[in-house]
$ cat coords24.txt   # compact mmCIF, C-alpha atoms
# COMPACT_ATOMS: atom_id res chain seq x y z
CA MET A 827 -40.90 102.34 134.02
CA LYS A 828 -42.93 104.69 131.88
CA ILE A 829 -42.34 105.00 128.14
CA THR A 830 -41.62 108.49 126.84
CA ALA A 831 -41.45 109.94 123.34
CA ILE A 832 -38.23 109.65 121.33
CA LYS A 833 -35.84 112.54 121.91
CA GLY A 834 -36.48 115.24 119.32
CA ILE A 835 -39.90 113.84 118.38
CA ASN A 836 -42.59 115.77 120.20
CA ASP A 837 -46.26 115.49 121.04
CA ILE A 838 -48.46 118.39 119.95
CA LEU A 839 -50.96 118.77 122.79
CA PRO A 840 -54.57 119.97 122.45
CA ASP A 841 -53.80 123.45 123.82
CA GLU A 842 -51.21 123.89 121.05
CA VAL A 843 -53.11 122.32 118.17
CA GLY A 844 -55.39 125.34 117.66
CA LYS A 845 -52.47 127.55 116.64
CA TRP A 846 -51.15 124.86 114.27
CA GLN A 847 -54.56 124.62 112.64
CA TRP A 848 -54.79 128.38 112.34
CA VAL A 849 -51.39 128.66 110.61
CA GLU A 850 -52.34 125.84 108.24
CA SER A 851 -55.70 127.46 107.43
CA VAL A 852 -53.99 130.77 106.63
CA ALA A 853 -51.54 128.91 104.39
CA ARG A 854 -54.32 127.11 102.51
CA ARG A 855 -56.26 130.35 101.97
CA ILE A 856 -53.26 132.40 100.79
CA PHE A 857 -51.83 129.64 98.58
CA ALA A 858 -55.22 129.07 96.93
CA ASN A 859 -55.37 132.80 96.11
CA PHE A 860 -52.09 132.35 94.24
CA GLY A 861 -53.37 129.31 92.33
CA PHE A 862 -51.55 126.58 94.29
CA ARG A 863 -53.27 123.24 94.90
CA GLU A 864 -52.64 120.84 97.77
CA ILE A 865 -50.86 117.54 97.18
CA ARG A 866 -50.35 114.89 99.86
CA ILE A 867 -47.21 112.80 99.53
CA PRO A 868 -46.01 109.65 101.36
CA ILE A 869 -43.90 109.89 104.49
CA LEU A 870 -41.87 106.86 103.34
CA GLU A 871 -39.97 106.80 100.02
CA LYS A 872 -37.27 104.75 98.33
CA THR A 873 -33.87 105.93 99.57
CA GLU A 874 -32.67 106.33 95.99
CA LEU A 875 -35.07 109.25 95.53
CA PHE A 876 -33.24 111.40 98.07
CA ALA A 877 -29.75 110.18 97.19
CA ARG A 878 -30.30 111.24 93.55
CA SER A 879 -32.09 114.50 94.26
CA ILE A 880 -30.57 115.97 97.42
CA GLY A 881 -27.06 114.77 96.65
CA GLU A 882 -25.07 111.87 98.10
CA SER A 883 -22.40 114.20 99.52
CA THR A 884 -24.82 116.37 101.50
CA ASP A 885 -25.00 116.11 105.29
CA ILE A 886 -28.65 115.08 105.01
CA VAL A 887 -27.92 111.97 102.93
CA GLU A 888 -24.62 111.13 104.61
CA LYS A 889 -25.62 111.58 108.26
CA GLU A 890 -29.21 112.62 108.90
CA MET A 891 -31.65 110.34 107.06
CA TYR A 892 -33.67 107.63 108.80
CA THR A 893 -33.02 104.73 106.42
CA PHE A 894 -33.78 101.03 106.82
CA PRO A 895 -34.34 97.93 104.62
CA ASP A 896 -37.79 96.43 104.10
CA ARG A 897 -38.44 92.68 103.93
CA ASN A 898 -37.16 92.60 100.35
CA ARG A 899 -33.99 94.44 101.45
CA GLN A 900 -34.97 97.54 99.50
CA LEU A 901 -33.74 100.65 101.32
CA LEU A 902 -36.53 102.98 102.46
CA THR A 903 -36.24 106.44 104.03
CA LEU A 904 -38.51 108.64 106.11
CA ARG A 905 -38.67 111.78 104.00
CA PRO A 906 -36.16 114.44 105.13
CA GLU A 907 -37.73 117.06 102.83
CA ALA A 908 -40.70 117.37 100.48
CA THR A 909 -39.53 118.71 97.11
CA ALA A 910 -38.14 115.41 95.82
CA SER A 911 -41.38 113.61 96.72
CA VAL A 912 -43.54 116.24 95.01
CA VAL A 913 -41.40 116.00 91.87
CA ARG A 914 -41.54 112.19 92.01
CA ALA A 915 -45.35 112.30 92.25
CA PHE A 916 -45.54 114.82 89.40
CA VAL A 917 -43.44 112.54 87.17
CA GLN A 918 -45.08 109.27 88.21
CA HIS A 919 -48.61 110.51 87.54
CA GLN A 920 -47.66 112.43 84.37
CA LEU A 921 -49.13 115.65 85.68
CA HIS A 922 -47.16 117.55 83.04
CA LEU A 923 -49.86 116.44 80.60
CA GLN A 924 -52.39 118.53 82.53
CA PRO A 925 -51.63 122.24 81.98
CA ALA A 926 -53.52 123.26 85.15
CA MET A 927 -51.24 121.06 87.28
CA ARG A 928 -48.18 123.24 87.73
CA LYS A 929 -48.44 124.78 91.20
CA PHE A 930 -48.60 122.72 94.41
CA TYR A 931 -48.24 122.92 98.16
CA THR A 932 -47.98 120.28 100.87
CA ILE A 933 -47.98 120.37 104.67
CA GLY A 934 -46.62 117.62 106.90
CA PRO A 935 -43.84 116.03 108.96
CA MET A 936 -40.23 115.48 107.86
CA PHE A 937 -37.51 113.47 109.62
CA ARG A 938 -33.78 114.09 110.13
CA HIS A 939 -31.50 112.44 112.66
CA GLU A 940 -29.74 115.49 114.04
CA ARG A 941 -29.08 117.02 117.44
CA PRO A 942 -32.38 118.38 118.77
CA GLN A 943 -32.43 122.05 119.77
CA LYS A 944 -35.00 124.79 120.12
CA GLY A 945 -37.06 124.97 116.92
CA ARG A 946 -35.06 122.12 115.33
CA TYR A 947 -36.21 118.55 115.93
CA ARG A 948 -35.85 115.03 114.55
CA GLN A 949 -39.48 115.03 113.51
CA PHE A 950 -40.32 118.50 112.29
CA HIS A 951 -43.10 119.93 110.15
CA GLN A 952 -42.86 121.93 106.95
CA ILE A 953 -45.09 123.92 104.67
CA ASN A 954 -43.80 123.44 101.12
CA VAL A 955 -44.65 125.27 97.91
CA GLU A 956 -43.53 124.06 94.46
CA ALA A 957 -44.16 125.54 90.99
CA PHE A 958 -43.06 123.82 87.76
CA ILE A 959 -42.75 126.85 85.50
CA ASP A 960 -39.55 128.13 83.86
CA ASP A 961 -39.63 131.91 84.11
CA PRO A 962 -37.94 134.44 86.41
CA MET A 963 -41.40 135.91 86.97
CA ILE A 964 -42.51 132.75 88.84
CA ASP A 965 -39.38 132.97 91.03
CA ALA A 966 -40.47 136.46 92.04
CA GLU A 967 -44.05 135.29 92.57
CA VAL A 968 -43.01 132.44 94.85
CA ILE A 969 -40.81 134.79 96.90
CA TYR A 970 -43.65 137.29 97.09
CA LEU A 971 -46.03 134.52 98.19
CA LEU A 972 -43.68 133.62 101.05
CA LEU A 973 -43.59 137.24 102.22
CA VAL A 974 -47.37 137.68 101.92
CA PHE A 975 -47.92 134.55 104.02
CA LEU A 976 -45.51 135.70 106.74
CA GLN A 977 -47.09 139.15 106.70
CA GLU A 978 -50.56 137.61 107.10
CA LEU A 979 -49.27 135.86 110.24
CA ASN A 980 -47.82 139.17 111.51
CA ILE A 981 -44.28 137.78 111.68
CA PRO A 982 -42.08 140.79 112.50
CA ASP A 983 -38.77 142.03 111.11
CA ILE A 984 -38.44 139.75 108.09
CA ASP A 985 -35.26 140.32 106.08
CA LEU A 986 -35.23 138.77 102.59
CA HIS A 987 -31.85 137.58 101.25
CA ILE A 988 -31.46 136.45 97.64
CA ASN A 989 -28.63 134.99 95.59
CA SER A 990 -28.00 133.09 92.37
CA MET A 991 -26.44 129.63 92.39
CA GLY A 992 -25.84 129.81 88.65
CA CYS A 993 -26.08 126.83 86.32
CA VAL A 994 -23.83 123.90 85.41
CA ASP A 995 -21.91 126.00 82.88
CA CYS A 996 -20.95 128.82 85.24
CA ARG A 997 -20.65 126.73 88.39
CA GLN A 998 -17.76 124.64 87.05
CA PRO A 999 -15.23 127.51 86.75
CA PHE A 1000 -16.44 128.79 90.12
CA ARG A 1001 -15.76 125.41 91.74
CA ILE A 1002 -12.20 125.55 90.41
CA ALA A 1003 -11.64 129.03 91.86
CA LEU A 1004 -13.24 128.03 95.18
CA SER A 1005 -11.21 124.82 95.43
CA GLU A 1006 -7.99 126.76 94.88
CA TYR A 1007 -8.93 129.18 97.66
CA LEU A 1008 -9.91 126.39 100.06
CA ALA A 1009 -6.68 124.50 99.42
CA GLY A 1010 -4.81 127.50 100.82
CA VAL A 1011 -6.84 127.62 104.04
CA SER A 1012 -7.66 123.92 104.48
CA GLU A 1013 -5.74 123.52 107.74
CA ARG A 1014 -7.86 126.26 109.33
CA LEU A 1015 -11.19 124.66 108.39
CA CYS A 1016 -13.22 122.56 110.83
CA GLN A 1017 -13.11 118.79 110.41
CA ASP A 1018 -16.44 118.63 108.55
CA CYS A 1019 -15.38 121.37 106.13
CA GLN A 1020 -12.07 119.67 105.43
CA ARG A 1021 -14.12 116.73 104.21
CA ARG A 1022 -16.58 118.96 102.33
CA ARG A 1023 -13.67 120.68 100.56
CA LEU A 1024 -13.10 117.48 98.59
CA THR A 1025 -16.69 116.31 98.17
CA ASN A 1026 -18.96 119.38 98.06
CA PRO A 1027 -17.09 122.66 98.61
CA LEU A 1028 -20.20 124.86 98.23
CA ARG A 1029 -21.52 123.42 101.50
CA ILE A 1030 -18.72 125.20 103.37
CA PHE A 1031 -20.56 128.50 102.81
CA ASP A 1032 -23.34 127.03 104.99
CA CYS A 1033 -21.06 126.00 107.89
CA LYS A 1034 -22.10 127.44 111.27
CA VAL A 1035 -18.60 127.24 112.83
CA GLU A 1036 -17.50 130.85 113.31
CA SER A 1037 -13.88 130.28 112.21
CA CYS A 1038 -15.10 128.79 108.90
CA ARG A 1039 -17.59 131.64 108.45
CA GLN A 1040 -14.74 134.13 108.84
CA LEU A 1041 -12.62 132.30 106.27
CA MET A 1042 -15.45 132.14 103.74
CA ARG A 1043 -15.93 135.91 103.78
CA ASP A 1044 -12.86 136.20 101.57
CA ALA A 1045 -13.74 133.22 99.35
CA PRO A 1046 -14.75 133.60 95.69
CA VAL A 1047 -18.51 133.95 95.16
CA LEU A 1048 -20.72 132.58 92.42
CA LEU A 1049 -22.15 135.98 91.51
CA ASP A 1050 -18.74 136.90 90.08
CA HIS A 1051 -18.76 133.81 87.84
CA LEU A 1052 -22.29 133.86 86.42
CA CYS A 1053 -22.67 133.21 82.71
CA ASP A 1054 -24.60 135.74 80.61
CA ASP A 1055 -27.85 133.75 80.77
CA CYS A 1056 -27.74 133.38 84.56
CA ARG A 1057 -26.81 137.02 85.03
CA SER A 1058 -29.74 138.08 82.85
CA ASN A 1059 -32.08 135.70 84.67
CA PHE A 1060 -31.07 137.05 88.07
CA ALA A 1061 -31.53 140.62 86.86
CA SER A 1062 -35.07 139.75 85.76
CA VAL A 1063 -35.91 138.23 89.14
CA LYS A 1064 -34.63 141.35 90.90
CA GLY A 1065 -36.61 143.56 88.53
CA HIS A 1066 -39.87 141.68 89.16
CA LEU A 1067 -39.33 141.83 92.92
CA LYS A 1068 -38.75 145.58 92.76
CA SER A 1069 -41.95 145.99 90.71
CA LEU A 1070 -43.82 144.34 93.61
CA GLY A 1071 -42.24 146.66 96.15
CA VAL A 1072 -40.19 143.86 97.72
CA ILE A 1073 -37.07 144.99 99.60
CA PHE A 1074 -34.22 142.49 99.52
CA THR A 1075 -30.54 142.04 100.28
CA ILE A 1076 -28.21 140.35 97.80
CA ASN A 1077 -26.21 137.84 99.82
CA PRO A 1078 -23.48 136.28 97.64
CA HIS A 1079 -22.45 133.89 100.44
CA MET A 1080 -25.90 132.34 100.86
CA VAL A 1081 -26.26 128.77 99.63
CA ARG A 1082 -29.01 126.24 100.21
CA GLY A 1083 -28.31 122.87 101.83
CA LEU A 1084 -29.45 120.71 98.90
CA ASP A 1085 -27.57 119.95 95.68
CA TYR A 1086 -30.51 120.41 93.31
CA TYR A 1087 -30.70 124.22 93.61
CA THR A 1088 -29.77 126.34 90.58
CA ARG A 1089 -30.04 130.04 89.85
CA THR A 1090 -32.38 131.93 92.22
CA THR A 1091 -32.10 131.07 95.92
CA PHE A 1092 -33.61 132.98 98.82
CA GLU A 1093 -34.18 133.00 102.57
CA ALA A 1094 -36.52 134.90 104.86
CA LEU A 1095 -34.55 135.72 108.01
CA THR A 1096 -35.58 137.13 111.36
CA PRO A 1097 -33.50 138.31 114.35
CA HIS A 1098 -35.98 136.67 116.76
CA LEU A 1099 -34.82 133.06 116.34
CA GLY A 1100 -31.22 133.29 117.51
CA ALA A 1101 -28.52 131.51 115.49
CA GLN A 1102 -31.06 129.47 113.52
CA ASN A 1103 -32.47 132.66 112.00
CA ALA A 1104 -34.14 131.38 108.80
CA VAL A 1105 -37.91 131.04 109.04
CA GLY A 1106 -38.26 129.91 105.41
CA GLY A 1107 -36.32 129.65 102.19
CA GLY A 1108 -35.99 127.96 98.84
CA GLY A 1109 -35.05 128.52 95.24
CA ARG A 1110 -35.01 127.20 91.69
CA TYR A 1111 -34.08 123.66 90.64
CA ASP A 1112 -33.73 123.35 86.89
CA GLY A 1113 -32.54 119.77 86.37
CA LEU A 1114 -34.21 117.86 89.18
CA MET A 1115 -37.24 116.56 87.28
CA LYS A 1116 -35.08 115.18 84.48
CA ILE A 1117 -32.78 113.50 87.02
CA LEU A 1118 -35.84 111.74 88.45
CA GLY A 1119 -36.91 110.41 85.04
CA GLY A 1120 -39.40 113.07 84.02
CA PRO A 1121 -39.56 115.80 81.38
CA ASP A 1122 -36.99 118.58 81.49
CA LEU A 1123 -39.24 121.00 83.41
CA SER A 1124 -37.83 123.57 85.79
CA GLY A 1125 -39.17 124.06 89.29
CA THR A 1126 -39.02 126.63 92.04
CA GLY A 1127 -40.33 126.60 95.58
CA PHE A 1128 -39.80 127.16 99.28
CA ALA A 1129 -40.15 125.45 102.65
CA ILE A 1130 -41.19 126.94 105.98
CA GLY A 1131 -40.42 125.23 109.27
CA MET A 1132 -43.62 125.11 111.32
CA GLU A 1133 -41.87 124.77 114.68
CA ARG A 1134 -39.75 127.88 114.05
CA LEU A 1135 -42.80 129.73 112.80
CA LEU A 1136 -44.71 128.89 115.98
CA LEU A 1137 -41.82 130.11 118.12
CA LEU A 1138 -42.33 133.51 116.48
CA LEU A 1139 -46.07 133.30 117.23
CA ALA A 1140 -45.62 132.45 120.92
CA GLY A 1141 -47.89 134.64 123.03
CA LYS A 1142 -49.70 136.08 120.01
CA ALA A 1143 -53.36 135.74 119.13
CA GLY A 1144 -54.45 133.21 116.58
CA GLY A 1145 -55.71 129.69 116.64
CA GLN A 1146 -57.41 129.88 120.01
CA GLN A 1147 -59.88 127.09 120.65
CA HIS A 1148 -63.51 128.23 120.57
CA PRO A 1149 -65.04 128.40 124.05
CA ILE A 1150 -67.87 125.98 124.85
CA ARG A 1151 -71.14 127.85 124.24
CA LEU A 1152 -73.33 125.56 126.32
CA PHE A 1153 -72.73 123.14 129.19
CA VAL A 1154 -75.36 120.60 130.32
CA ALA A 1155 -75.31 119.93 134.08
CA SER A 1156 -77.41 116.90 135.06
CA LEU A 1157 -78.21 115.68 138.58
CA GLY A 1158 -79.38 112.08 138.96
CA ALA A 1159 -79.38 109.07 136.64
CA GLU A 1160 -82.58 109.95 134.78
CA ALA A 1161 -81.53 113.57 134.25
CA GLN A 1162 -78.08 112.48 133.11
CA SER A 1163 -79.61 110.15 130.52
CA ARG A 1164 -81.86 112.95 129.26
CA GLY A 1165 -78.96 115.39 129.28
CA PHE A 1166 -76.82 112.96 127.27
CA GLN A 1167 -79.51 112.74 124.58
CA LEU A 1168 -79.84 116.55 124.52
CA VAL A 1169 -76.09 117.03 124.13
CA GLN A 1170 -75.89 114.71 121.14
CA GLU A 1171 -78.91 116.33 119.43
CA LEU A 1172 -77.36 119.78 119.82
CA ARG A 1173 -73.97 118.61 118.54
CA PHE A 1174 -75.70 117.10 115.51
CA ARG A 1175 -77.17 120.56 114.91
CA ASN A 1176 -73.69 122.19 115.07
CA LEU A 1177 -73.81 123.66 118.58
CA LEU A 1178 -70.58 123.45 120.60
CA VAL A 1179 -71.75 121.81 123.82
CA GLU A 1180 -70.22 119.77 126.65
CA MET A 1181 -71.51 117.85 129.67
CA ASP A 1182 -70.34 116.15 132.84
CA TYR A 1183 -70.13 112.35 132.74
CA GLU A 1184 -69.06 111.73 136.34
CA SER A 1185 -72.22 112.49 138.37
CA ARG A 1186 -70.54 115.29 140.32
CA SER A 1187 -72.29 117.96 142.38
CA LEU A 1188 -73.93 120.95 140.73
CA LYS A 1189 -71.27 123.24 142.18
CA ALA A 1190 -68.49 121.09 140.66
CA GLN A 1191 -70.26 121.00 137.29
CA LEU A 1192 -70.72 124.78 137.24
CA ARG A 1193 -67.04 125.19 138.10
CA ARG A 1194 -66.08 122.99 135.15
CA ALA A 1195 -68.45 124.90 132.84
CA ASP A 1196 -66.73 128.12 133.89
CA LYS A 1197 -63.26 126.68 133.18
CA LEU A 1198 -64.43 125.60 129.72
CA GLY A 1199 -65.65 129.13 129.04
CA ALA A 1200 -69.31 128.16 128.65
CA THR A 1201 -71.57 131.17 128.25
CA HIS A 1202 -74.71 129.25 129.30
CA VAL A 1203 -75.53 126.15 131.33
CA ILE A 1204 -78.58 123.90 131.15
CA ILE A 1205 -79.40 122.50 134.62
CA MET A 1206 -81.58 119.40 134.97
CA GLY A 1207 -82.46 117.40 138.11
CA GLU A 1208 -85.34 115.33 139.39
CA ASN A 1209 -87.46 118.41 140.22
CA GLU A 1210 -86.97 119.93 136.75
CA LEU A 1211 -87.82 116.66 134.99
CA ALA A 1212 -90.99 116.32 137.08
CA LYS A 1213 -92.06 119.80 135.92
CA GLY A 1214 -91.00 119.13 132.30
CA VAL A 1215 -88.50 121.99 132.28
CA ALA A 1216 -84.79 122.74 132.46
CA LEU A 1217 -83.05 125.79 133.89
CA LEU A 1218 -81.02 127.90 131.44
CA ARG A 1219 -78.35 129.80 133.36
CA GLU A 1220 -76.41 132.74 131.88
CA MET A 1221 -72.95 132.41 133.40
CA GLU A 1222 -71.74 136.00 133.16
CA VAL A 1223 -74.63 137.56 135.12
CA GLY A 1224 -75.84 134.48 137.03
CA SER A 1225 -79.48 134.83 135.95
CA GLN A 1226 -81.52 131.81 134.95
CA GLU A 1227 -84.89 131.02 133.41
CA GLU A 1228 -87.07 127.94 132.98
CA VAL A 1229 -87.18 126.43 129.49
CA PRO A 1230 -89.76 123.71 128.58
CA LEU A 1231 -88.11 120.41 127.70
CA ASP A 1232 -90.59 120.03 124.89
CA GLY A 1233 -88.97 121.89 121.99
CA ILE A 1234 -85.83 122.76 123.96
CA VAL A 1235 -83.51 121.93 121.04
CA GLU A 1236 -85.14 124.49 118.73
CA LYS A 1237 -85.30 127.01 121.58
CA LEU A 1238 -81.56 126.72 122.22
CA LEU A 1239 -80.64 126.80 118.54
CA GLN A 1240 -82.69 129.96 118.15
CA LYS A 1241 -80.98 131.53 121.15
CA PHE A 1242 -77.55 130.79 119.68
CA ASP A 1243 -78.58 131.91 116.15
CA LEU A 1244 -78.17 128.43 114.66
CA VAL A 1245 -81.69 128.03 113.21
CA MET A 1246 -81.48 128.07 109.41

$ encode --input "coords24.txt" --output "structure tokens"
Amino acid sequence: MKITAIKGINDILPDEVGKWQWVESVARRIFANFGFREIRIPILEKTELFARSIGESTDIVEKEMYTFPDRNRQLLTLRPEATASVVRAFVQHQLHLQPAMRKFYTIGPMFRHERPQKGRYRQFHQINVEAFIDDPMIDAEVIYLLLVFLQELNIPDIDLHINSMGCVDCRQPFRIALSEYLAGVSERLCQDCQRRRLTNPLRIFDCKVESCRQLMRDAPVLLDHLCDDCRSNFASVKGHLKSLGVIFTINPHMVRGLDYYTRTTFEALTPHLGAQNAVGGGGRYDGLMKILGGPDLSGTGFAIGMERLLLLLAGKAGGQQHPIRLFVASLGAEAQSRGFQLVQELRFRNLLVEMDYESRSLKAQLRRADKLGATHVIIMGENELAKGVALLREMEVGSQEEVPLDGIVEKLLQKFDLVM
């Protein structure tokens, strides 16, 4: 019986990897232009980190985390998201003492035990951006960065939705108003939302059950309960976005799935992903760093799901593997040994070259060279070695010429413009 991968945890095969690398290279280039620096965080963290940051009553903590005890019975968790880990690293290494260390990004896998579906898996990959600066201008910059990145990838029909989640002061009276409304419709809520009504009523806005979505359209919204400071902050964010020419929709029913969000929240939506229509999103988190034992610094950021992003890139150019420029076809043991040496010398000199290791016929080797997209083939057999030459064949036109084996490396590098 063969062993297969775990359901919802997928292999990324060589033909797909090129597009992943391309997306990541675009991210690194764009983020560097905006002053963000890469940070690499552990996949495994103490469970307490996510319970304190994400919120114990969230679906992620209650139902979706991969958690297990180590030998000392300390609970460990495969990270379900990146923000908490970035904040933990920032606090642990006292990066607040270095003024240049305020803007970060990270790229890597996350893990959630949920029902796998198209673009949504148990091991999934995210691109995360985090900035530890307290100003509505940085909220606008982070949103603008997200849109610039998606535009650079030619993602079509992006619709930006923004909202304010308020602060502790204005969220409390809103919770009271929301709880009163939900008490009147509780029997019509789905089973999960009946539980959320008592533990975390804001999560009901994020329910995907259509009957709950209909009920929440008449529910109180946080925008109507913002305190003066939060209202002013949100107005500043909107003003900065308008100054950048960003078009947005104010969506008072939009909430994010994690408890740490405050004030500005946003999502980039597309009609090309079906029901799971968010390609990226994020927002501000004002108290998270203090909760995790650090200074009282605010943060803002976003996450982009790589798998969803790649669904939008299906069939589009980008990230194609480079074709093999040269293929070495050798006939006979002595020629194969000489060809092997030649291949390694050329690779050392940065030429993309491949060879046949299986002693197949010349016809079979030329067929493989063609499949690999080689533009030229070096042919060597007993006759060529006796004459001290190799044949250089141009695949597109079928012409070939003799090239002396003495100095062949420099000759080939010159032909492919690789001589410095």

$ residues_near_point --input "coords24.txt" --point "(-72.0, 120.9, 136.4)" --cutoff "10 Å" --atoms "all atoms listed in the file" --output "list in words"
Phe1153, Val1154, Ala1155, Ser1156, Leu1157, Glu1180, Met1181, Asp1182, Tyr1183, Glu1184, Ser1185, Arg1186, Ser1187, Leu1188, Lys1189, Ala1190, Gln1191, Leu1192, Arg1193, Arg1194, Ala1195, Asp1196, Val1203, Ile1204, Ile1205 and Met1206 of chain A

$ closest_atom_pairs --input "coords24.txt" --of "segment 1039-1146 of chain A" --to "segment 952-972 of chain A" --cutoff "12 Å" --atoms "only C-alpha atoms" --output "Markdown table"
| residue | atom | partner | partner_atom | distance |
| --- | --- | --- | --- | --- |
| A:Asp1055 | CA | A:Pro962 | CA | 11.6 |
| A:Cys1056 | CA | A:Pro962 | CA | 10.4 |
| A:Arg1057 | CA | A:Pro962 | CA | 11.5 |
| A:Ser1058 | CA | A:Pro962 | CA | 9.7 |
| A:Asn1059 | CA | A:Pro962 | CA | 6.2 |
| A:Phe1060 | CA | A:Pro962 | CA | 7.5 |
| A:Ala1061 | CA | A:Pro962 | CA | 8.9 |
| A:Ser1062 | CA | A:Pro962 | CA | 6.1 |
| A:Val1063 | CA | A:Pro962 | CA | 5.1 |
| A:Lys1064 | CA | A:Ala966 | CA | 7.7 |
| A:Gly1065 | CA | A:Ala966 | CA | 8.8 |
| A:His1066 | CA | A:Ala966 | CA | 6.0 |
| A:Leu1067 | CA | A:Ala966 | CA | 5.6 |
| A:Lys1068 | CA | A:Ala966 | CA | 9.3 |
| A:Ser1069 | CA | A:Ala966 | CA | 9.7 |
| A:Leu1070 | CA | A:Tyr970 | CA | 7.9 |
| A:Gly1071 | CA | A:Tyr970 | CA | 9.5 |
| A:Val1072 | CA | A:Tyr970 | CA | 7.5 |
| A:Ile1073 | CA | A:Tyr970 | CA | 10.4 |
| A:Phe1074 | CA | A:Ile969 | CA | 10.5 |
| A:Thr1088 | CA | A:Asp965 | CA | 11.7 |
| A:Arg1089 | CA | A:Pro962 | CA | 9.7 |
| A:Thr1090 | CA | A:Asp965 | CA | 7.2 |
| A:Thr1091 | CA | A:Asp965 | CA | 9.0 |
| A:Phe1092 | CA | A:Ile969 | CA | 7.7 |
| A:Glu1093 | CA | A:Ile969 | CA | 8.9 |
| A:Ala1094 | CA | A:Leu972 | CA | 8.2 |
| A:Leu1095 | CA | A:Leu972 | CA | 11.7 |
| A:Val1105 | CA | A:Leu972 | CA | 10.2 |
| A:Gly1106 | CA | A:Leu972 | CA | 7.9 |
| A:Gly1107 | CA | A:Leu972 | CA | 8.4 |
| A:Gly1108 | CA | A:Ile969 | CA | 8.6 |
| A:Gly1109 | CA | A:Asp965 | CA | 7.5 |
| A:Arg1110 | CA | A:Asp965 | CA | 7.3 |
| A:Tyr1111 | CA | A:Phe958 | CA | 9.4 |
| A:Asp1112 | CA | A:Asp960 | CA | 8.1 |
| A:Gly1113 | CA | A:Asp960 | CA | 11.2 |
| A:Leu1114 | CA | A:Phe958 | CA | 10.8 |
| A:Met1115 | CA | A:Phe958 | CA | 9.3 |
| A:Gly1120 | CA | A:Phe958 | CA | 12.0 |
| A:Pro1121 | CA | A:Phe958 | CA | 10.8 |
| A:Asp1122 | CA | A:Asp960 | CA | 10.2 |
| A:Leu1123 | CA | A:Phe958 | CA | 6.4 |
| A:Ser1124 | CA | A:Asp960 | CA | 5.2 |
| A:Gly1125 | CA | A:Phe958 | CA | 4.2 |
| A:Thr1126 | CA | A:Ala957 | CA | 5.4 |
| A:Gly1127 | CA | A:Glu956 | CA | 4.2 |
| A:Phe1128 | CA | A:Val955 | CA | 5.4 |
| A:Ala1129 | CA | A:Asn954 | CA | 4.4 |
| A:Ile1130 | CA | A:Ile953 | CA | 5.1 |
| A:Gly1131 | CA | A:Gln952 | CA | 4.7 |
| A:Met1132 | CA | A:Gln952 | CA | 5.5 |
| A:Glu1133 | CA | A:Gln952 | CA | 8.3 |
| A:Arg1134 | CA | A:Gln952 | CA | 9.8 |
| A:Leu1135 | CA | A:Gln952 | CA | 9.8 |
| A:Leu1136 | CA | A:Gln952 | CA | 11.6 |

$ closest_atom_pairs --input "coords24.txt" --of "segment 943-1039 of chain A" --to "segment 872-891 of chain A" --cutoff "8 Å" --atoms "all atoms listed in the file" --output "tab-separated table"
residue	atom	partner	partner_atom	distance
A:Thr1025	CA	A:Ser883	CA	6.2
A:Asn1026	CA	A:Ser883	CA	6.4
A:Arg1029	CA	A:Thr884	CA	7.8

$ closest_residue --input "coords24.txt" --among "A:Met991, A:Ala926, A:Ile1117, A:Ala1045" --to "Ala910 of chain A" --atoms "all atoms listed in the file"
A:Ile1117

$ closest_atom_pairs --input "coords24.txt" --of "segment 1169-1220 of chain A" --to "segment 1226-1245 of chain A" --cutoff "10 Å" --atoms "all atoms listed in the file" --output "Markdown table"
| residue | atom | partner | partner_atom | distance |
| --- | --- | --- | --- | --- |
| A:Val1169 | CA | A:Val1235 | CA | 9.4 |
| A:Glu1171 | CA | A:Val1235 | CA | 7.4 |
| A:Leu1172 | CA | A:Val1235 | CA | 6.6 |
| A:Arg1175 | CA | A:Leu1244 | CA | 7.9 |
| A:Asn1176 | CA | A:Leu1244 | CA | 7.7 |
| A:Leu1177 | CA | A:Leu1239 | CA | 7.5 |
| A:His1202 | CA | A:Gln1226 | CA | 9.2 |
| A:Val1203 | CA | A:Gln1226 | CA | 9.0 |
| A:Ile1204 | CA | A:Val1229 | CA | 9.1 |
| A:Ile1205 | CA | A:Glu1228 | CA | 9.5 |
| A:Met1206 | CA | A:Leu1231 | CA | 9.8 |
| A:Glu1210 | CA | A:Glu1228 | CA | 8.9 |
| A:Leu1211 | CA | A:Leu1231 | CA | 8.2 |
| A:Lys1213 | CA | A:Pro1230 | CA | 8.6 |
| A:Gly1214 | CA | A:Leu1231 | CA | 5.6 |
| A:Val1215 | CA | A:Pro1230 | CA | 4.3 |
| A:Ala1216 | CA | A:Val1229 | CA | 5.3 |
| A:Leu1217 | CA | A:Glu1228 | CA | 4.6 |
| A:Leu1218 | CA | A:Gln1226 | CA | 5.3 |
| A:Arg1219 | CA | A:Gln1226 | CA | 4.1 |
| A:Glu1220 | CA | A:Gln1226 | CA | 6.0 |

$ residues_around --input "coords24.txt" --residues "Ser1012 of chain A" --least-positions-apart "6" --cutoff "12 Å" --atoms "all atoms listed in the file" --output "list in words"
Leu1004, Ser1005, Glu1006, Asp1018, Cys1019, Gln1020, Arg1021, Arg1022, Arg1023, Leu1024, Pro1027, Ile1030, Ser1037, Cys1038, Leu1041 and Met1042 of chain A

$ atom_distance --input "coords24.txt" --atom1 "atom CA of Pro1097 of chain A" --atom2 "atom CA of Ala908 of chain A"
26.1 Å

$ closest_residue --input "coords24.txt" --among "A:Pro895, A:Tyr1007, A:Lys833, A:Glu1222" --to "Arg941 of chain A" --atoms "all atoms listed in the file"
A:Lys833
